[in-house]
Amino acid sequence: MPNQYFGDYITVLVFMAVGAIIVGGAVVAASLLAPNHPNKTKSEIYECGINPVGGGWSQSHIRYYIFALLFLIFDVEAIFIFPWALKVESFAEAGMGGFIFVEMVIFIVILLLGLVYAIRKGVLRWE
Amino acid sequence: MIDYHALAPELILAGTVMAVLIVDMLPVRKHWTAVVGLLGLFATVVPILTLGFCESLDFCDYSGSREMFGGSYVIDAFSLALKGLFIGSAFVAVLLSVGYLESNRFWQGEFYFLMLASVLGALVMASSRDLVTMFVGLELVTGPTFLMAGWRKGEARSNEAALKFFIIGVLSAAVLLFGMSLVYGVTGELTFTGIRAGSVGVLDGDLSGLFIIGVLFTILGFAFKVSAVPFHFWTPDTYEGAPTPVTAYLSVISKTAGFVGLLAICYLAFGEVTTLWGTGLWVLAALSMTVGNLIALRQTNVVRLLGYSSIAQGGFILVPFGAAIAADVTGSDLEEAFFATVTYLVIYAFMNLGAFGVVIAVGNRLRSAEIKDWAGLFSYAPGLATMLGLFFFSLAGIPPLAGWFAKFVMFRSVLASGSGWAGALAVVAAVNSVIAFYYYSKVVVSAFMEKVPDGVPVAEIREQRTAPSLQFALVLTTIGVVVIGFYPTLISGLAEAAKTFASGF
């Protein structure tokens with residue numbers, strides 16, 4: 001036996017091989033067994049429902065992207081604040097309440113600066 | 001408690017980064033962002049000096065290196081020397097950018113914000129002594145530069161430069177993280193001293209192979225950053241497509257940051273496997289010098305030429321690492337190699353920033369970076385042509401310009417160890433110095449001796465003035481290259497102090 005560390009990976013390899021065999025076998029079996037009579041209606045994107053209109057590429061407004069980015073930033077900020085809020089009390093008891101408070105204020109001010117910057121550059125105006 | 005004096009350079013620079021962003025929002029002319037950035041960089045020098053000369057100051061009662069956060073952040077002579085180098089180079093890089101951005105009407109506020117944020121990452125790297133801090137610092141250096149490379153928004157070449165740089169940057173970060181995760185996995189330690197202590201036991205055990213793979217991958221990750229052959233493919237395209245001041249920034253500060261990471265990790269964390277990284281970097285150094293120089297021979301564009309030349313110079317900087325290839329390498333040999341690398345980095349920063357300054361100044365007038373358009377430069381712009389000669393001959397290593405001293409310590413460090421392989425690397429380096437001299441002098445000869453090609457508006461160009469900030473940057477780098485060439489002790493004192501870093505052998 002080489003050692004336990006590499007040995008663990010054998011499980012992963014076996015798992016991958018079994019997965020590949022099952023999926024590949026299903027695809028091969030389907031192509032051997034299933035009847036194949038293509039026609040124009042069948043090869044459309046949706047076989048039933050509304051006929052597709054236009055090409056596959058469509059544009060959405062760039063502002064959605066910027067909103068998504070801003071949302072992400074403040075979402076992450078919230079995630080950082082929750083564990084901080086849980087620990088504030090124990091820090092305050094240890095006499096470091098002021099320190100931990102100032103740390104979080106600095107963090108929020110930096111992020112707010114980003115928001116002010118976004119507003120100042122007109123990112124949030126929807127025209 | 002936290003030692004705020006030791007963290008002052010980083011804190012001041014972080015404040016400057018935010019101040020630049022605030023100034024950008026105020027209704028004032030945009031060049032104030034550059035002024036604030038330069039003042040902030042200047043203010044950052046003060047705590048670096050007070051930390052460096054702490055022992056002779058009244059208010060400062062501390063001696064030796066300062067360790068913080070459980071040894072993962074250290075302020076010692078090495079980190080202070082490199083921080084000074086980063087701040088100085090950033091100062092010149094900002095000066096190079098001012099005129100370029102203004103005359104081409106590019107966005108300014110965000111540019112300095114990103115550049116200074118990247119410099120902040122470089123400062124963090126110089127002090128970081130554990131894998132996570134090192135990685136965060138490296139990403140902070142690299143992240144903003146992806147955007148800066150694409151600053152010429154409308155141009156396809158600039159977009160290509162940014163995209164290539166981004167993809168390779170992400171790939172190298174992944175390779176580096178993979179290597180780091182293996183090293184952490186087998187040693188169970190994150191700090192460099194801990195990894196070194198832990199690796200002793202690992203090398204005797206079952207997992208030594210895994211540790212060696214981790215070491216190799218970590219070094220490969222940094223090889224991308226310092227664009228060592230065969231991981232250099234992004235370099236020429238990115239250098240040519242990016243705005244020229246950004247190219248100067250990438251080839252000096254971003255590259256030096258990569259070397260700082262390599263130095264710290266090789267000499268501290270991987271101190272038990274010197275032969276391993278010595279062999280790896282021996283090969284990379286020989287390949288980078290040879291391939292970089294041979295391809296540079298055929299270049300017709302000055303920026304691409306400097307791109308390949310910086311690959312080759314990267315090889316020269318890697319040469320001292322190759323001295324560690326000998327199995328019986330001694331502690332003093334390694335200290336000497338460390339000294340040579342730091343010295344070369346400092347001198348390289350001066351020469352390369354100066355060379356790019358000349359390229360920006362001439363490119364601004366001629367609107368071309370083709371070598372054949374530069375012919376006869378001396379007849380209508382004698383000052384710039386002289387500086388071109390100065391910086392290119394310094395890069396080639398001609399005495400009495402600063403480059404000779406860098407090459408001298410580089411050769412001394414590999415020859416001192418006395419092993420055959422290190423001697424072979426010295427031979428490769430010597431042959432490459434000759435090749436490099438040929439293509440550097442080709443540009444200079446054409447600028448001084450050939451006739452001005454038709455269609456160059458000579459009278460018009462004589463009227464044009466170089467932007468004052470660019471003039472200042474050129475004067476600073478010229479003084480650096482000439483003075484260091486005559487008094488190399490200025491630099492060697494700095495590097496001498498820094499080499500105690502490698503004294504743990």
# chains A, B, ... in the order shown; residues from 1 in each chain; ligands from 1
>>> residues_around(residues="region 411-426 of chain B", least_positions_apart="6", cutoff="8 Å", atoms="only C-alpha atoms", output="VMD selection string")
chain B and resid 282 286 319 to 320 322 to 323 325 to 326 329 to 330 333 336 to 337 340
>>> interface_residues(of="chain B", to="chain A", cutoff="12 Å", atoms="only C-alpha atoms", output="list in words")
Met1, Ile2, Leu11, Ala14, Gly15, Val17, Met18, Ala19, Val20, Leu21, Ile22, Val23, Asp24, Met25, Leu26, Pro27, Gly109, Glu110, Leu182, Gly185, Val186, Gly205, Asp206, Leu207, Ser208, Gly209 and Leu210 of chain B
>>> residues_around(residues="region 81-94 of chain A", least_positions_apart="6", cutoff="10 Å", atoms="only C-alpha atoms", output="ChimeraX atom specification")
/A:75,100-101,104,107-108
>>> atom_distance(atom1="CA of Arg365 (chain B)", atom2="CA of Leu306 (chain B)")
19.0 Å
>>> residues_around(residues="Arg304 (chain B)", least_positions_apart="4", cutoff="9 Å", atoms="only C-alpha atoms", output="VMD selection string")
chain B and resid 235 to 237 239 to 240 296 299 to 300 308 to 309
>>> write_last_selection(atoms="C-alpha atoms", output="JSON list (two decimals), in the first residue's frame")
[["chain", "number", "residue", "atom", "x", "y", "z"],
["B", 235, "THR", "CA", 4.21, 39.12, -21.47],
["B", 236, "PRO", "CA", 4.95, 40.60, -24.93],
["B", 237, "ASP", "CA", 1.30, 40.94, -25.95],
["B", 239, "TYR", "CA", 3.23, 44.80, -22.60],
["B", 240, "GLU", "CA", 2.55, 46.01, -26.13],
["B", 296, "ALA", "CA", 14.40, 40.15, -28.55],
["B", 299, "GLN", "CA", 11.93, 42.66, -32.55],
["B", 300, "THR", "CA", 11.13, 45.79, -34.56],
["B", 308, "TYR", "CA", 11.46, 40.42, -24.17],
["B", 309, "SER", "CA", 14.36, 42.26, -22.55]]
>>> select_by_dssp(residues="chain A", states="alpha helix (DSSP H)", output="count of residues only")
86
>>> residues_around(residues="Phe405 (chain B)", least_positions_apart="3", cutoff="9 Å", atoms="only C-alpha atoms", output="list in words")
Thr343, Tyr344, Ile347, Gly397, Pro399, Pro400, Leu401, Ala402, Phe408, Val409, Met410, Ile484, Gly485 and Pro488 of chain B
>>> residues_around(residues="Leu131 (chain B)", least_positions_apart="6", cutoff="12 Å", atoms="only C-alpha atoms", output="MDAnalysis selection string")
chainID B and resid 71:73 125 137:138 176:184 188:195 218 261:262 264:265 268:269
>>> write_last_selection(atoms="C-alpha atoms", output="PDB file, in the first residue's frame")
ATOM      1  CA  GLY B  71       4.797  35.738  13.199  1.00  0.00           C
ATOM      2  CA  SER B  72       2.836  36.055   9.962  1.00  0.00           C
ATOM      3  CA  TYR B  73       3.645  39.744   9.508  1.00  0.00           C
ATOM      4  CA  MET B 125       3.815  41.044   0.341  1.00  0.00           C
ATOM      5  CA  GLY B 137      -0.996  40.482  -0.964  1.00  0.00           C
ATOM      6  CA  LEU B 138      -0.235  38.947  -4.351  1.00  0.00           C
ATOM      7  CA  LEU B 176       0.035  28.763  -6.796  1.00  0.00           C
ATOM      8  CA  LEU B 177      -2.916  27.970  -4.508  1.00  0.00           C
ATOM      9  CA  PHE B 178      -2.738  24.302  -5.438  1.00  0.00           C
ATOM     10  CA  GLY B 179       0.928  24.201  -4.504  1.00  0.00           C
ATOM     11  CA  MET B 180       0.301  26.104  -1.276  1.00  0.00           C
ATOM     12  CA  SER B 181      -2.577  23.799  -0.327  1.00  0.00           C
ATOM     13  CA  LEU B 182      -0.332  20.722  -0.742  1.00  0.00           C
ATOM     14  CA  VAL B 183       2.419  22.327   1.332  1.00  0.00           C
ATOM     15  CA  TYR B 184      -0.092  23.240   4.035  1.00  0.00           C
ATOM     16  CA  GLY B 188       0.041  21.433   8.740  1.00  0.00           C
ATOM     17  CA  GLU B 189       1.604  24.882   9.041  1.00  0.00           C
ATOM     18  CA  LEU B 190       0.914  28.233   7.386  1.00  0.00           C
ATOM     19  CA  THR B 191       3.800  30.391   8.632  1.00  0.00           C
ATOM     20  CA  PHE B 192       7.088  30.071   6.755  1.00  0.00           C
ATOM     21  CA  THR B 193       9.091  29.219   9.866  1.00  0.00           C
ATOM     22  CA  GLY B 194       6.501  26.589  10.773  1.00  0.00           C
ATOM     23  CA  ILE B 195       6.624  25.051   7.290  1.00  0.00           C
ATOM     24  CA  THR B 218       4.257  27.059  -5.628  1.00  0.00           C
ATOM     25  CA  GLY B 261       7.344  36.333  -2.818  1.00  0.00           C
ATOM     26  CA  LEU B 262       9.808  33.911  -4.387  1.00  0.00           C
ATOM     27  CA  ALA B 264      10.622  34.870   1.059  1.00  0.00           C
ATOM     28  CA  ILE B 265       9.134  31.462   0.266  1.00  0.00           C
ATOM     29  CA  LEU B 268      12.342  30.748   4.615  1.00  0.00           C
ATOM     30  CA  ALA B 269       9.636  28.164   3.973  1.00  0.00           C
TER      31      ALA B 269
END
>>> residues_around(residues="Ala349 (chain B)", least_positions_apart="6", cutoff="8 Å", atoms="only C-alpha atoms", output="PyMOL selection string")
chain B and resi 89+252-253
>>> atom_distance(atom1="CA of Leu101 (chain B)", atom2="CA of Val119 (chain B)")
18.9 Å
>>> atom_distance(atom1="CA of Gly70 (chain B)", atom2="CA of Thr133 (chain B)")
12.1 Å
>>> decode(residues="region 339-373 of chain B", atoms="N, CA and C atoms", output="PDB file, in the first residue's frame")
ATOM      1  N   PHE B 339      21.654  38.511  -1.391  1.00  0.00           N
ATOM      2  CA  PHE B 339      22.156  39.876  -1.556  1.00  0.00           C
ATOM      3  C   PHE B 339      22.144  40.273  -3.033  1.00  0.00           C
ATOM      4  N   ALA B 340      22.610  39.354  -3.907  1.00  0.00           N
ATOM      5  CA  ALA B 340      22.691  39.664  -5.333  1.00  0.00           C
ATOM      6  C   ALA B 340      21.300  39.903  -5.914  1.00  0.00           C
ATOM      7  N   THR B 341      20.322  39.074  -5.503  1.00  0.00           N
ATOM      8  CA  THR B 341      18.984  39.235  -6.052  1.00  0.00           C
ATOM      9  C   THR B 341      18.389  40.585  -5.656  1.00  0.00           C
ATOM     10  N   VAL B 342      18.520  40.938  -4.356  1.00  0.00           N
ATOM     11  CA  VAL B 342      17.932  42.204  -3.903  1.00  0.00           C
ATOM     12  C   VAL B 342      18.607  43.377  -4.618  1.00  0.00           C
ATOM     13  N   THR B 343      19.943  43.341  -4.734  1.00  0.00           N
ATOM     14  CA  THR B 343      20.651  44.418  -5.417  1.00  0.00           C
ATOM     15  C   THR B 343      20.173  44.552  -6.857  1.00  0.00           C
ATOM     16  N   TYR B 344      20.068  43.412  -7.541  1.00  0.00           N
ATOM     17  CA  TYR B 344      19.647  43.461  -8.947  1.00  0.00           C
ATOM     18  C   TYR B 344      18.251  44.060  -9.061  1.00  0.00           C
ATOM     19  N   LEU B 345      17.345  43.688  -8.134  1.00  0.00           N
ATOM     20  CA  LEU B 345      15.971  44.197  -8.192  1.00  0.00           C
ATOM     21  C   LEU B 345      15.953  45.719  -8.083  1.00  0.00           C
ATOM     22  N   VAL B 346      16.744  46.260  -7.147  1.00  0.00           N
ATOM     23  CA  VAL B 346      16.736  47.715  -6.941  1.00  0.00           C
ATOM     24  C   VAL B 346      17.248  48.417  -8.195  1.00  0.00           C
ATOM     25  N   ILE B 347      18.376  47.928  -8.738  1.00  0.00           N
ATOM     26  CA  ILE B 347      18.968  48.606  -9.889  1.00  0.00           C
ATOM     27  C   ILE B 347      18.087  48.444 -11.122  1.00  0.00           C
ATOM     28  N   TYR B 348      17.510  47.247 -11.279  1.00  0.00           N
ATOM     29  CA  TYR B 348      16.615  46.984 -12.407  1.00  0.00           C
ATOM     30  C   TYR B 348      15.443  47.963 -12.412  1.00  0.00           C
ATOM     31  N   ALA B 349      14.901  48.287 -11.206  1.00  0.00           N
ATOM     32  CA  ALA B 349      13.765  49.207 -11.124  1.00  0.00           C
ATOM     33  C   ALA B 349      14.144  50.555 -11.728  1.00  0.00           C
ATOM     34  N   PHE B 350      15.324  51.070 -11.365  1.00  0.00           N
ATOM     35  CA  PHE B 350      15.749  52.370 -11.891  1.00  0.00           C
ATOM     36  C   PHE B 350      15.885  52.327 -13.412  1.00  0.00           C
ATOM     37  N   MET B 351      16.626  51.312 -13.921  1.00  0.00           N
ATOM     38  CA  MET B 351      16.921  51.293 -15.357  1.00  0.00           C
ATOM     39  C   MET B 351      15.661  51.113 -16.180  1.00  0.00           C
ATOM     40  N   ASN B 352      14.794  50.177 -15.747  1.00  0.00           N
ATOM     41  CA  ASN B 352      13.651  49.854 -16.579  1.00  0.00           C
ATOM     42  C   ASN B 352      12.616  50.974 -16.565  1.00  0.00           C
ATOM     43  N   LEU B 353      12.384  51.584 -15.380  1.00  0.00           N
ATOM     44  CA  LEU B 353      11.443  52.715 -15.342  1.00  0.00           C
ATOM     45  C   LEU B 353      11.965  53.841 -16.230  1.00  0.00           C
ATOM     46  N   GLY B 354      13.288  54.088 -16.182  1.00  0.00           N
ATOM     47  CA  GLY B 354      13.864  55.128 -17.016  1.00  0.00           C
ATOM     48  C   GLY B 354      13.688  54.820 -18.491  1.00  0.00           C
ATOM     49  N   ALA B 355      13.963  53.562 -18.881  1.00  0.00           N
ATOM     50  CA  ALA B 355      13.837  53.185 -20.287  1.00  0.00           C
ATOM     51  C   ALA B 355      12.400  53.381 -20.758  1.00  0.00           C
ATOM     52  N   PHE B 356      11.427  52.988 -19.937  1.00  0.00           N
ATOM     53  CA  PHE B 356      10.034  53.183 -20.339  1.00  0.00           C
ATOM     54  C   PHE B 356       9.666  54.661 -20.361  1.00  0.00           C
ATOM     55  N   GLY B 357      10.263  55.456 -19.460  1.00  0.00           N
ATOM     56  CA  GLY B 357      10.032  56.904 -19.500  1.00  0.00           C
ATOM     57  C   GLY B 357      10.444  57.479 -20.836  1.00  0.00           C
ATOM     58  N   VAL B 358      11.621  57.060 -21.342  1.00  0.00           N
ATOM     59  CA  VAL B 358      12.076  57.542 -22.646  1.00  0.00           C
ATOM     60  C   VAL B 358      11.116  57.085 -23.734  1.00  0.00           C
ATOM     61  N   VAL B 359      10.661  55.820 -23.659  1.00  0.00           N
ATOM     62  CA  VAL B 359       9.740  55.313 -24.679  1.00  0.00           C
ATOM     63  C   VAL B 359       8.457  56.130 -24.687  1.00  0.00           C
ATOM     64  N   ILE B 360       7.958  56.504 -23.491  1.00  0.00           N
ATOM     65  CA  ILE B 360       6.723  57.299 -23.430  1.00  0.00           C
ATOM     66  C   ILE B 360       6.968  58.665 -24.043  1.00  0.00           C
ATOM     67  N   ALA B 361       8.098  59.301 -23.680  1.00  0.00           N
ATOM     68  CA  ALA B 361       8.368  60.653 -24.169  1.00  0.00           C
ATOM     69  C   ALA B 361       8.528  60.662 -25.685  1.00  0.00           C
ATOM     70  N   VAL B 362       9.315  59.706 -26.221  1.00  0.00           N
ATOM     71  CA  VAL B 362       9.531  59.681 -27.673  1.00  0.00           C
ATOM     72  C   VAL B 362       8.258  59.243 -28.385  1.00  0.00           C
ATOM     73  N   GLY B 363       7.575  58.237 -27.826  1.00  0.00           N
ATOM     74  CA  GLY B 363       6.353  57.744 -28.444  1.00  0.00           C
ATOM     75  C   GLY B 363       5.290  58.821 -28.537  1.00  0.00           C
ATOM     76  N   ASN B 364       5.255  59.701 -27.528  1.00  0.00           N
ATOM     77  CA  ASN B 364       4.296  60.793 -27.520  1.00  0.00           C
ATOM     78  C   ASN B 364       4.518  61.744 -28.695  1.00  0.00           C
ATOM     79  N   ARG B 365       5.781  61.937 -29.091  1.00  0.00           N
ATOM     80  CA  ARG B 365       6.078  62.868 -30.182  1.00  0.00           C
ATOM     81  C   ARG B 365       5.956  62.208 -31.533  1.00  0.00           C
ATOM     82  N   LEU B 366       6.516  60.998 -31.655  1.00  0.00           N
ATOM     83  CA  LEU B 366       6.553  60.351 -32.965  1.00  0.00           C
ATOM     84  C   LEU B 366       5.265  59.610 -33.265  1.00  0.00           C
ATOM     85  N   ARG B 367       4.473  59.315 -32.240  1.00  0.00           N
ATOM     86  CA  ARG B 367       3.273  58.485 -32.397  1.00  0.00           C
ATOM     87  C   ARG B 367       3.635  57.123 -32.975  1.00  0.00           C
ATOM     88  N   SER B 368       4.813  56.620 -32.648  1.00  0.00           N
ATOM     89  CA  SER B 368       5.240  55.325 -33.154  1.00  0.00           C
ATOM     90  C   SER B 368       6.286  54.757 -32.212  1.00  0.00           C
ATOM     91  N   ALA B 369       6.274  53.432 -32.049  1.00  0.00           N
ATOM     92  CA  ALA B 369       7.300  52.791 -31.242  1.00  0.00           C
ATOM     93  C   ALA B 369       8.126  51.840 -32.098  1.00  0.00           C
ATOM     94  N   GLU B 370       8.061  52.004 -33.443  1.00  0.00           N
ATOM     95  CA  GLU B 370       8.862  51.164 -34.331  1.00  0.00           C
ATOM     96  C   GLU B 370      10.297  51.676 -34.324  1.00  0.00           C
ATOM     97  N   ILE B 371      11.248  50.722 -34.247  1.00  0.00           N
ATOM     98  CA  ILE B 371      12.648  51.131 -34.138  1.00  0.00           C
ATOM     99  C   ILE B 371      13.086  51.924 -35.367  1.00  0.00           C
ATOM    100  N   LYS B 372      12.561  51.554 -36.554  1.00  0.00           N
ATOM    101  CA  LYS B 372      13.043  52.245 -37.754  1.00  0.00           C
ATOM    102  C   LYS B 372      12.585  53.710 -37.787  1.00  0.00           C
ATOM    103  N   ASP B 373      11.460  54.016 -37.119  1.00  0.00           N
ATOM    104  CA  ASP B 373      11.014  55.414 -37.061  1.00  0.00           C
ATOM    105  C   ASP B 373      11.857  56.235 -36.094  1.00  0.00           C
TER     106      ASP B 373
END
